[in-house]
Amino acid sequence: MDFASILIQTLNSLQYGLLLFLVASGLTLVFGIMGIINLAHGSFYMIGAYLAFVLTSVTGSLFTAILLGIPLTFAIGALLEWALFSHLYKRDHLEQVLLTYGLILIFEELRSLLVGDEVHGVDIPALFSASIPLSDVLSYPVYRLVISAVCIVLALGLYFLIQRTRLGMMIRAGNHDRSMVEALGININMIYRVVFALGFALAALAGMLAAPISSVFPNMGSHVLIISFVIVVIGGIGSVWGALIAALVIGFADTFGKVLLPDFSGMVVYLVMAAVLLWRPEGILKKG
Amino acid sequence: MGHTLNGAFKLGIGMALVAATLGTSQAADDKIKVGFMLPYTGTYASLGNAITNGFKQFVAEQGGKLGGREIEYYTVDDESDPAKATENANKLVKRDKVDLLVGTVHSGVALAMAKVARENKTLLIVPNAGADEITGPLCAPNVFRSSFSAWQPSYAMGQLMAQKGLKKVVTLTWKYSFGQQSVDGFKEAFEKSGGKVVKDMTLPFPNVEFQPFLTEIAALKPDAVFVFFAGAGAAKFVKDYAAAGLNRSVPLYGPGFLTDGNLDAMGEAGKGLQTTLHYADGLDNKKDPAFRLGYAKTYKMQPDVYAVQGYDAAQLYNAGLKAAGGDAGKQAEVIKGMESARIDSPRGAFTLSKAHNPVQDIYLREVQGGQNKVISIAAKGLADPARGCKM
């Protein structure tokens, strides 16, 4: 591999890693910080992508679709938390798994009934549809760089929210000791509702942003679910920075694995995960 | 039947005997049992439905009969799940005792079905799954295929690309058996005609992060790229390929699955792509327009290659039944009839190879105006080599 190729593959790794962080960010909140095992995270991503497809066909613009989609998914998230998840905080993890697995089936079936089983594409907004030439034959789509920028902004925003705001402090406290936080007069139910809705909206946003490059298709959520859990676990459960680092590590492992170890590229990500967990069983950055 | 017997027990054993005799005489009473084991849910649901529709359309054209006999359908959703395949096939073979088993789309499931069919000597027609093994090492007198083998379209593409004067080619596919069989078929023809595959690249199914491979392709600067992808992954690959600007300097080719059923998702990026398959839009034969019109009238949608394969499965069985005078029990005669049949398919007429795979024309198609328009015949009367078939 020559130097130019290494540079371009590094760019690929960073860009893929940031995209993975975007997908996993909602799970970091809901699983990492609230402690709910949410198998339906992939479905939230799928809902976002299909919303982007439907709203873009109606309004003609991905921007409008995203502007409408964020409050919509936030509302759906709050509704789900109120109707289902709020009853599960005191229950066993297994019951959360059961509920969220059921949700996957329900969301997939609804998707099939409402939109159908075909593959659909979403156009990249004209503003970002250009490509930047990198070599004589290869260019890089601007839209991918835009997504990377959005991911960085989101990572900073999430970090600020969790570590630097009063809400973040209450969320962290609630994760440690729910009843104590309640006893201190904080409306923990409302806080959890907000956080869950935020997690839903983030997963859906990831789906909306990824729709133009990944296409929109049945079962698309299951593709991102496993990798999201991998990232949250090796990042250290509950750490936004950890998830970001983990996503970048996975991005590099996957990209260079495909090029350097083509016969084992499917395993590289999981080998890296095993290595990290042997080295730090609680993940790269475990938050106390 | 269970219900009938329950009632009969209440009335006494004598009545039960009557019911039982009625039951058996009904079974012999001349409805041929056709069992569909196809995906009706999940990613391949639309393919399963198209195959079923195609089959039933041919039966309807014959006045609801095949070989002069009424047809009774049994249906199992295989969910494209190889783990449940043997159990599902047994439901149709052992419980329903079907005369003909039709299925399926997913190659892994179809391989399990072929095994069940061999063991029970049930007649099987595979209306899609292209795994080379089905009409290769696993071939059997009672196993037929109305679709294609993975080898066929790819081999035709290999010949064609060599004829175009392309020398250095890079291949890319998912690392699973259908993808690898496609690449092998391509490579065989391409290298025989003097071309060279400079690099074989694979990624795990269903991974769709193609960026590292696009960078590799740009660094290798081959004359062309041959890929096997299908469905949503294919749409994403074609879009990524165009977004990376590679389509301007390195032409992309592949078997027709690359551009089937996903042209809408590809949009502009798909324009002008050339692929090979045993079916195309705008074929110049008499059968196809009539078939398409009939299908569109009945099902209110356009048929695709899967509908054609279902339609031809029914034609094939019809030919066999006719040869046996409508008696599905005379399996040897049914098989003989099917083996010697000349099927007037919407794809163009075909016959069967010794291993029971269609000997058919493979078309070169180009994406124009949202359709896979036929350009030429890439390979005339192409027969799968049926390697490993001892029959």
# chains A, B, ... in the order shown; residues from 1 in each chain; ligands from 1

call {"tool": "interface_residues", "arguments": {"of": "chain A", "to": "chain B", "cutoff": "6 Å", "atoms": "only C-alpha atoms", "output": "PyMOL selection string"}}
result
chain A and resi 119-121+137-141+214+255+266

call {"tool": "residues_around", "arguments": {"residues": "region 216-219 of chain A", "least_positions_apart": "2", "cutoff": "10 Å", "atoms": "only C-alpha atoms", "output": "PyMOL selection string"}}
result
(chain A and resi 42-43+46-53+104-105+107-109+111-112+115-122+207-208+210-214+221-224) or (chain B and resi 42-44+231-233+235-236+265)

call {"tool": "closest_residue", "arguments": {"among": "B:Gly165, B:Pro153, B:Gly194, B:Pro289", "to": "Ile377 (chain B)", "atoms": "only C-alpha atoms"}}
result
B:Pro153

call {"tool": "residues_around", "arguments": {"residues": "region 80-95 of chain A", "least_positions_apart": "3", "cutoff": "6 Å", "atoms": "only C-alpha atoms", "output": "short mmCIF file (atom, residue, chain, number, x, y, z; two decimals) with N, CA and C atoms, in the first residue's frame"}}
result
data_model
loop_
_atom_site.label_atom_id
_atom_site.label_comp_id
_atom_site.auth_asym_id
_atom_site.auth_seq_id
_atom_site.Cartn_x
_atom_site.Cartn_y
_atom_site.Cartn_z
N GLY A 77 -40.65 8.68 20.88
CA GLY A 77 -39.81 8.13 21.94
C GLY A 77 -40.43 8.37 23.31
N LEU A 98 -37.08 -9.03 26.24
CA LEU A 98 -38.30 -9.57 25.66
C LEU A 98 -39.15 -8.47 25.02
N ARG A 193 -37.82 10.07 30.83
CA ARG A 193 -38.63 10.18 29.61
C ARG A 193 -37.89 11.02 28.57
#

call {"tool": "residues_around", "arguments": {"residues": "Cys139 (chain B)", "least_positions_apart": "3", "cutoff": "12 Å", "atoms": "only C-alpha atoms", "output": "VMD selection string"}}
result
chain B and resid 111 114 to 115 117 to 118 124 to 126 131 to 136 142 to 145 353 to 357 386 to 391

call {"tool": "write_last_selection", "arguments": {"atoms": "N, CA and C atoms", "output": "PDB file, in the first residue's frame"}}
result
ATOM      1  N   LEU B 111     -30.962 -26.033  -0.708  1.00  0.00           N
ATOM      2  CA  LEU B 111     -30.094 -27.200  -0.578  1.00  0.00           C
ATOM      3  C   LEU B 111     -30.699 -28.207   0.398  1.00  0.00           C
ATOM      4  N   ALA B 114     -33.568 -29.924  -1.324  1.00  0.00           N
ATOM      5  CA  ALA B 114     -33.113 -30.925  -2.281  1.00  0.00           C
ATOM      6  C   ALA B 114     -32.802 -32.230  -1.555  1.00  0.00           C
ATOM      7  N   LYS B 115     -32.254 -32.106  -0.355  1.00  0.00           N
ATOM      8  CA  LYS B 115     -31.932 -33.292   0.440  1.00  0.00           C
ATOM      9  C   LYS B 115     -33.213 -34.051   0.819  1.00  0.00           C
ATOM     10  N   ALA B 117     -36.061 -33.885  -0.661  1.00  0.00           N
ATOM     11  CA  ALA B 117     -36.679 -34.410  -1.880  1.00  0.00           C
ATOM     12  C   ALA B 117     -35.994 -35.701  -2.322  1.00  0.00           C
ATOM     13  N   ARG B 118     -34.652 -35.733  -2.225  1.00  0.00           N
ATOM     14  CA  ARG B 118     -33.918 -36.952  -2.601  1.00  0.00           C
ATOM     15  C   ARG B 118     -34.306 -38.117  -1.711  1.00  0.00           C
ATOM     16  N   LEU B 124     -39.136 -32.217  -7.071  1.00  0.00           N
ATOM     17  CA  LEU B 124     -38.850 -30.844  -6.628  1.00  0.00           C
ATOM     18  C   LEU B 124     -38.507 -29.982  -7.834  1.00  0.00           C
ATOM     19  N   ILE B 125     -39.128 -28.809  -7.920  1.00  0.00           N
ATOM     20  CA  ILE B 125     -38.682 -27.818  -8.905  1.00  0.00           C
ATOM     21  C   ILE B 125     -38.208 -26.592  -8.141  1.00  0.00           C
ATOM     22  N   VAL B 126     -36.951 -26.219  -8.347  1.00  0.00           N
ATOM     23  CA  VAL B 126     -36.390 -25.039  -7.696  1.00  0.00           C
ATOM     24  C   VAL B 126     -36.638 -23.843  -8.615  1.00  0.00           C
ATOM     25  N   ALA B 131     -27.668 -21.849  -6.412  1.00  0.00           N
ATOM     26  CA  ALA B 131     -26.476 -22.579  -5.968  1.00  0.00           C
ATOM     27  C   ALA B 131     -26.083 -23.631  -6.996  1.00  0.00           C
ATOM     28  N   ASP B 132     -24.847 -23.603  -7.438  1.00  0.00           N
ATOM     29  CA  ASP B 132     -24.387 -24.553  -8.454  1.00  0.00           C
ATOM     30  C   ASP B 132     -24.634 -26.005  -8.036  1.00  0.00           C
ATOM     31  N   GLU B 133     -24.534 -26.284  -6.724  1.00  0.00           N
ATOM     32  CA  GLU B 133     -24.620 -27.668  -6.236  1.00  0.00           C
ATOM     33  C   GLU B 133     -25.939 -28.339  -6.607  1.00  0.00           C
ATOM     34  N   ILE B 134     -27.044 -27.569  -6.668  1.00  0.00           N
ATOM     35  CA  ILE B 134     -28.358 -28.184  -6.839  1.00  0.00           C
ATOM     36  C   ILE B 134     -28.419 -28.994  -8.129  1.00  0.00           C
ATOM     37  N   THR B 135     -27.802 -28.470  -9.181  1.00  0.00           N
ATOM     38  CA  THR B 135     -27.720 -29.268 -10.404  1.00  0.00           C
ATOM     39  C   THR B 135     -26.266 -29.639 -10.670  1.00  0.00           C
ATOM     40  N   GLY B 136     -25.502 -29.759  -9.580  1.00  0.00           N
ATOM     41  CA  GLY B 136     -24.112 -30.216  -9.657  1.00  0.00           C
ATOM     42  C   GLY B 136     -23.978 -31.461  -8.801  1.00  0.00           C
ATOM     43  N   ASN B 142     -35.086 -36.598  -9.461  1.00  0.00           N
ATOM     44  CA  ASN B 142     -36.341 -35.923  -9.134  1.00  0.00           C
ATOM     45  C   ASN B 142     -36.155 -34.460  -8.762  1.00  0.00           C
ATOM     46  N   VAL B 143     -34.957 -33.895  -8.999  1.00  0.00           N
ATOM     47  CA  VAL B 143     -34.711 -32.485  -8.667  1.00  0.00           C
ATOM     48  C   VAL B 143     -34.505 -31.686  -9.956  1.00  0.00           C
ATOM     49  N   PHE B 144     -35.331 -30.663 -10.154  1.00  0.00           N
ATOM     50  CA  PHE B 144     -35.275 -29.824 -11.352  1.00  0.00           C
ATOM     51  C   PHE B 144     -35.111 -28.364 -10.971  1.00  0.00           C
ATOM     52  N   ARG B 145     -34.660 -27.564 -11.926  1.00  0.00           N
ATOM     53  CA  ARG B 145     -34.560 -26.130 -11.673  1.00  0.00           C
ATOM     54  C   ARG B 145     -35.109 -25.377 -12.874  1.00  0.00           C
ATOM     55  N   SER B 353     -30.774 -29.325 -19.262  1.00  0.00           N
ATOM     56  CA  SER B 353     -29.527 -30.086 -19.372  1.00  0.00           C
ATOM     57  C   SER B 353     -29.735 -31.452 -18.712  1.00  0.00           C
ATOM     58  N   LYS B 354     -28.741 -32.315 -18.850  1.00  0.00           N
ATOM     59  CA  LYS B 354     -28.816 -33.636 -18.236  1.00  0.00           C
ATOM     60  C   LYS B 354     -29.013 -33.547 -16.734  1.00  0.00           C
ATOM     61  N   ALA B 355     -28.441 -32.485 -16.137  1.00  0.00           N
ATOM     62  CA  ALA B 355     -28.548 -32.317 -14.681  1.00  0.00           C
ATOM     63  C   ALA B 355     -29.805 -31.539 -14.295  1.00  0.00           C
ATOM     64  N   HIS B 356     -30.697 -31.262 -15.280  1.00  0.00           N
ATOM     65  CA  HIS B 356     -31.993 -30.611 -15.028  1.00  0.00           C
ATOM     66  C   HIS B 356     -31.909 -29.112 -14.757  1.00  0.00           C
ATOM     67  N   ASN B 357     -30.950 -28.441 -15.358  1.00  0.00           N
ATOM     68  CA  ASN B 357     -30.850 -26.986 -15.269  1.00  0.00           C
ATOM     69  C   ASN B 357     -31.146 -26.420 -16.658  1.00  0.00           C
ATOM     70  N   ALA B 386     -22.442 -28.493 -14.839  1.00  0.00           N
ATOM     71  CA  ALA B 386     -22.907 -29.529 -13.900  1.00  0.00           C
ATOM     72  C   ALA B 386     -21.762 -30.337 -13.327  1.00  0.00           C
ATOM     73  N   ARG B 387     -20.740 -29.642 -12.866  1.00  0.00           N
ATOM     74  CA  ARG B 387     -19.576 -30.347 -12.310  1.00  0.00           C
ATOM     75  C   ARG B 387     -19.978 -31.126 -11.065  1.00  0.00           C
ATOM     76  N   GLY B 388     -19.570 -32.371 -11.012  1.00  0.00           N
ATOM     77  CA  GLY B 388     -19.836 -33.182  -9.822  1.00  0.00           C
ATOM     78  C   GLY B 388     -21.153 -33.923  -9.877  1.00  0.00           C
ATOM     79  N   CYS B 389     -21.922 -33.739 -10.967  1.00  0.00           N
ATOM     80  CA  CYS B 389     -23.206 -34.435 -11.070  1.00  0.00           C
ATOM     81  C   CYS B 389     -22.984 -35.815 -11.664  1.00  0.00           C
ATOM     82  N   LYS B 390     -23.381 -36.843 -10.918  1.00  0.00           N
ATOM     83  CA  LYS B 390     -23.226 -38.214 -11.423  1.00  0.00           C
ATOM     84  C   LYS B 390     -24.607 -38.743 -11.769  1.00  0.00           C
ATOM     85  N   MET B 391     -25.094 -38.391 -12.937  1.00  0.00           N
ATOM     86  CA  MET B 391     -26.444 -38.847 -13.272  1.00  0.00           C
ATOM     87  C   MET B 391     -26.499 -39.190 -14.749  1.00  0.00           C
TER      88      MET B 391
END

call {"tool": "atom_distance", "arguments": {"atom1": "CA of Ala224 (chain B)", "atom2": "CA of Leu160 (chain B)"}}
result
12.2 Å

call {"tool": "residues_around", "arguments": {"residues": "Val195 (chain A)", "least_positions_apart": "4", "cutoff": "9 Å", "atoms": "only C-alpha atoms", "output": "JSON list (two decimals) with N, CA and C atoms, in the first residue's frame"}}
result
[["chain", "number", "residue", "atom", "x", "y", "z"],
["A", 29, "LEU", "N", -26.75, 6.52, 25.28],
["A", 29, "LEU", "CA", -27.64, 7.14, 26.26],
["A", 29, "LEU", "C", -28.54, 6.11, 26.92],
["A", 30, "VAL", "N", -29.23, 5.35, 26.10],
["A", 30, "VAL", "CA", -30.31, 4.50, 26.62],
["A", 30, "VAL", "C", -29.76, 3.26, 27.33],
["A", 34, "MET", "N", -28.86, 4.97, 30.92],
["A", 34, "MET", "CA", -30.08, 4.61, 31.63],
["A", 34, "MET", "C", -30.10, 3.13, 32.02],
["A", 78, "ALA", "N", -40.91, 9.60, 23.54],
["A", 78, "ALA", "CA", -41.51, 9.94, 24.83],
["A", 78, "ALA", "C", -42.76, 9.07, 25.06],
["A", 171, "ILE", "N", -29.23, 12.85, 35.47],
["A", 171, "ILE", "CA", -29.29, 11.57, 34.75],
["A", 171, "ILE", "C", -28.28, 10.60, 35.34],
["A", 190, "MET", "N", -39.68, 12.07, 34.74],
["A", 190, "MET", "CA", -39.67, 13.01, 33.63],
["A", 190, "MET", "C", -38.29, 13.03, 32.97],
["A", 191, "ILE", "N", -37.24, 12.95, 33.79],
["A", 191, "ILE", "CA", -35.89, 12.99, 33.24],
["A", 191, "ILE", "C", -35.63, 11.77, 32.36],
["A", 199, "GLY", "N", -32.65, 9.54, 23.08],
["A", 199, "GLY", "CA", -31.99, 8.37, 22.50],
["A", 199, "GLY", "C", -32.68, 7.91, 21.23],
["A", 200, "PHE", "N", -34.00, 7.89, 21.26],
["A", 200, "PHE", "CA", -34.79, 7.51, 20.09],
["A", 200, "PHE", "C", -34.51, 8.49, 18.95]]

call {"tool": "closest_residue", "arguments": {"among": "A:Val240, A:Ala65, A:Ile37, A:Ala173", "to": "Leu161 (chain A)", "atoms": "only C-alpha atoms"}}
result
A:Val240

call {"tool": "select_by_dssp", "arguments": {"residues": "region 110-250 of chain B", "states": "helix (DSSP H, G or I)", "output": "MDAnalysis selection string"}}
result
chainID B and resid 110:120 132:135 151:163 177:192 211:220 231:243 246:248

call {"tool": "write_last_selection", "arguments": {"atoms": "C-alpha atoms", "output": "PDB file, in the first residue's frame"}}
result
ATOM      1  CA  ALA B 110     -33.059 -24.916  -1.292  1.00  0.00           C
ATOM      2  CA  LEU B 111     -30.094 -27.200  -0.578  1.00  0.00           C
ATOM      3  CA  ALA B 112     -31.925 -28.597   2.459  1.00  0.00           C
ATOM      4  CA  MET B 113     -35.076 -29.031   0.355  1.00  0.00           C
ATOM      5  CA  ALA B 114     -33.113 -30.925  -2.281  1.00  0.00           C
ATOM      6  CA  LYS B 115     -31.932 -33.292   0.440  1.00  0.00           C
ATOM      7  CA  VAL B 116     -35.464 -33.924   1.702  1.00  0.00           C
ATOM      8  CA  ALA B 117     -36.679 -34.410  -1.880  1.00  0.00           C
ATOM      9  CA  ARG B 118     -33.918 -36.952  -2.601  1.00  0.00           C
ATOM     10  CA  GLU B 119     -34.637 -38.928   0.541  1.00  0.00           C
ATOM     11  CA  ASN B 120     -38.398 -39.063  -0.026  1.00  0.00           C
ATOM     12  CA  ASP B 132     -24.387 -24.553  -8.454  1.00  0.00           C
ATOM     13  CA  GLU B 133     -24.620 -27.668  -6.236  1.00  0.00           C
ATOM     14  CA  ILE B 134     -28.358 -28.184  -6.839  1.00  0.00           C
ATOM     15  CA  THR B 135     -27.720 -29.268 -10.404  1.00  0.00           C
ATOM     16  CA  TRP B 151     -22.321 -19.999 -12.904  1.00  0.00           C
ATOM     17  CA  GLN B 152     -24.445 -19.134 -15.977  1.00  0.00           C
ATOM     18  CA  PRO B 153     -24.809 -15.318 -16.059  1.00  0.00           C
ATOM     19  CA  SER B 154     -21.297 -14.811 -14.674  1.00  0.00           C
ATOM     20  CA  TYR B 155     -19.668 -17.110 -17.211  1.00  0.00           C
ATOM     21  CA  ALA B 156     -21.461 -15.242 -20.002  1.00  0.00           C
ATOM     22  CA  MET B 157     -20.194 -11.953 -18.585  1.00  0.00           C
ATOM     23  CA  GLY B 158     -16.628 -13.291 -18.485  1.00  0.00           C
ATOM     24  CA  GLN B 159     -16.753 -14.180 -22.183  1.00  0.00           C
ATOM     25  CA  LEU B 160     -18.261 -10.836 -23.047  1.00  0.00           C
ATOM     26  CA  MET B 161     -15.748  -8.749 -21.125  1.00  0.00           C
ATOM     27  CA  ALA B 162     -12.862 -10.627 -22.727  1.00  0.00           C
ATOM     28  CA  GLN B 163     -14.424  -9.952 -26.146  1.00  0.00           C
ATOM     29  CA  SER B 177     -21.207 -19.248  -1.622  1.00  0.00           C
ATOM     30  CA  PHE B 178     -23.381 -17.587  -4.291  1.00  0.00           C
ATOM     31  CA  GLY B 179     -21.000 -14.645  -4.581  1.00  0.00           C
ATOM     32  CA  GLN B 180     -17.973 -16.894  -4.844  1.00  0.00           C
ATOM     33  CA  GLN B 181     -19.632 -19.176  -7.411  1.00  0.00           C
ATOM     34  CA  SER B 182     -20.443 -16.078  -9.466  1.00  0.00           C
ATOM     35  CA  VAL B 183     -16.858 -14.854  -9.324  1.00  0.00           C
ATOM     36  CA  ASP B 184     -15.554 -18.360 -10.160  1.00  0.00           C
ATOM     37  CA  GLY B 185     -17.818 -18.611 -13.211  1.00  0.00           C
ATOM     38  CA  PHE B 186     -16.699 -15.186 -14.383  1.00  0.00           C
ATOM     39  CA  LYS B 187     -13.035 -15.916 -13.814  1.00  0.00           C
ATOM     40  CA  GLU B 188     -13.205 -19.236 -15.662  1.00  0.00           C
ATOM     41  CA  ALA B 189     -14.519 -17.632 -18.843  1.00  0.00           C
ATOM     42  CA  PHE B 190     -12.510 -14.414 -18.588  1.00  0.00           C
ATOM     43  CA  GLU B 191      -9.119 -16.031 -17.997  1.00  0.00           C
ATOM     44  CA  LYS B 192      -9.769 -18.728 -20.629  1.00  0.00           C
ATOM     45  CA  GLN B 211     -15.202   2.666   0.880  1.00  0.00           C
ATOM     46  CA  PRO B 212     -11.944   0.730   1.578  1.00  0.00           C
ATOM     47  CA  PHE B 213     -12.489  -1.359  -1.568  1.00  0.00           C
ATOM     48  CA  LEU B 214     -13.199   1.675  -3.719  1.00  0.00           C
ATOM     49  CA  THR B 215      -9.878   3.103  -2.549  1.00  0.00           C
ATOM     50  CA  GLU B 216      -8.171  -0.183  -3.485  1.00  0.00           C
ATOM     51  CA  ILE B 217      -9.787  -0.176  -6.920  1.00  0.00           C
ATOM     52  CA  ALA B 218      -8.614   3.393  -7.502  1.00  0.00           C
ATOM     53  CA  ALA B 219      -5.078   2.387  -6.538  1.00  0.00           C
ATOM     54  CA  LEU B 220      -5.053  -0.712  -8.790  1.00  0.00           C
ATOM     55  CA  GLY B 231     -30.856  -5.998  -3.553  1.00  0.00           C
ATOM     56  CA  ALA B 232     -30.227  -3.095  -1.200  1.00  0.00           C
ATOM     57  CA  GLY B 233     -26.502  -3.822  -0.936  1.00  0.00           C
ATOM     58  CA  ALA B 234     -26.194  -3.643  -4.721  1.00  0.00           C
ATOM     59  CA  ALA B 235     -27.991  -0.294  -4.786  1.00  0.00           C
ATOM     60  CA  LYS B 236     -25.635   1.064  -2.168  1.00  0.00           C
ATOM     61  CA  PHE B 237     -22.569  -0.268  -3.972  1.00  0.00           C
ATOM     62  CA  VAL B 238     -23.561   1.282  -7.292  1.00  0.00           C
ATOM     63  CA  LYS B 239     -24.237   4.631  -5.601  1.00  0.00           C
ATOM     64  CA  ASP B 240     -20.949   4.570  -3.689  1.00  0.00           C
ATOM     65  CA  TYR B 241     -19.101   3.600  -6.871  1.00  0.00           C
ATOM     66  CA  ALA B 242     -20.546   6.577  -8.713  1.00  0.00           C
ATOM     67  CA  ALA B 243     -20.017   8.950  -5.774  1.00  0.00           C
ATOM     68  CA  LEU B 246     -14.920   5.519 -10.366  1.00  0.00           C
ATOM     69  CA  ASN B 247     -17.721   5.040 -12.906  1.00  0.00           C
ATOM     70  CA  ARG B 248     -16.070   7.683 -15.097  1.00  0.00           C
TER      71      ARG B 248
END

call {"tool": "residues_around", "arguments": {"residues": "Gly320 (chain B)", "least_positions_apart": "2", "cutoff": "10 Å", "atoms": "only C-alpha atoms", "output": "compact mmCIF listing (two decimals) with C-alpha atoms, in the first residue's frame"}}
result
# COMPACT_ATOMS: atom_id res chain seq x y z
CA LEU B 66 -52.05 -29.04 -15.23
CA GLY B 67 -51.88 -32.11 -17.45
CA ALA B 314 -45.63 -24.72 -13.82
CA GLN B 315 -44.93 -25.21 -17.54
CA LEU B 316 -42.28 -27.75 -16.77
CA TYR B 317 -44.54 -29.79 -14.49
CA ASN B 318 -47.35 -29.53 -17.01
CA LYS B 322 -48.95 -34.62 -19.90
CA ALA B 323 -46.31 -37.21 -20.73
CA ALA B 324 -47.59 -39.39 -17.88
CA GLY B 325 -51.20 -39.01 -18.98
CA GLY B 326 -52.02 -36.86 -15.98
CA ASP B 327 -50.97 -39.47 -13.43
CA ALA B 328 -48.63 -37.86 -10.92
CA LYS B 330 -46.07 -42.42 -12.50
CA GLN B 331 -43.06 -40.39 -11.45
CA ALA B 332 -40.60 -41.94 -13.89
CA GLU B 333 -42.79 -40.90 -16.81
CA VAL B 334 -43.33 -37.43 -15.37
CA ILE B 335 -39.57 -37.00 -15.07
CA LYS B 336 -39.02 -38.24 -18.61
CA GLY B 337 -41.59 -35.76 -19.89
CA MET B 338 -39.94 -32.90 -18.04
CA GLU B 339 -36.46 -33.87 -19.24
CA SER B 340 -37.48 -33.85 -22.89
CA ALA B 341 -39.69 -30.75 -22.66

call {"tool": "residues_around", "arguments": {"residues": "Val153 (chain A)", "least_positions_apart": "4", "cutoff": "12 Å", "atoms": "only C-alpha atoms", "output": "NGL selection string"}}
result
:A and (18 or 21-22 or 25 or 146-149 or 157-160 or 244)

call {"tool": "write_last_selection", "arguments": {"atoms": "C-alpha atoms", "output": "compact mmCIF listing (two decimals), in the first residue's frame"}}
result
# COMPACT_ATOMS: atom_id res chain seq x y z
CA LEU A 18 -17.75 8.73 13.08
CA PHE A 21 -20.58 6.73 16.59
CA LEU A 22 -23.63 8.53 15.24
CA SER A 25 -24.84 7.50 20.24
CA VAL A 146 -20.84 16.59 6.22
CA ILE A 147 -22.03 13.54 8.16
CA SER A 148 -18.64 13.34 9.86
CA ALA A 149 -18.94 16.99 10.88
CA GLY A 157 -23.01 18.18 22.48
CA LEU A 158 -23.66 14.87 24.21
CA TYR A 159 -20.54 15.15 26.30
CA PHE A 160 -21.54 18.64 27.37
CA LEU A 244 -16.45 7.86 20.37

call {"tool": "closest_residue", "arguments": {"among": "A:Thr10, A:Ala253, A:Val230, A:Gly238", "to": "Leu277 (chain A)", "atoms": "only C-alpha atoms"}}
result
A:Val230

call {"tool": "atom_distance", "arguments": {"atom1": "CA of Val232 (chain A)", "atom2": "CA of Ile250 (chain A)"}}
result
11.3 Å

call {"tool": "closest_residue", "arguments": {"among": "B:Tyr253, B:Phe350, B:Tyr363, B:Tyr311", "to": "Tyr279 (chain B)", "atoms": "only C-alpha atoms"}}
result
B:Tyr363

call {"tool": "closest_residue", "arguments": {"among": "B:Val98, B:Glu87, B:Asp77, B:Gly270", "to": "Gly329 (chain B)", "atoms": "only C-alpha atoms"}}
result
B:Val98

call {"tool": "closest_residue", "arguments": {"among": "A:Pro125, A:Gly283, A:Pro71, A:Gly257", "to": "Trp241 (chain A)", "atoms": "only C-alpha atoms"}}
result
A:Gly283
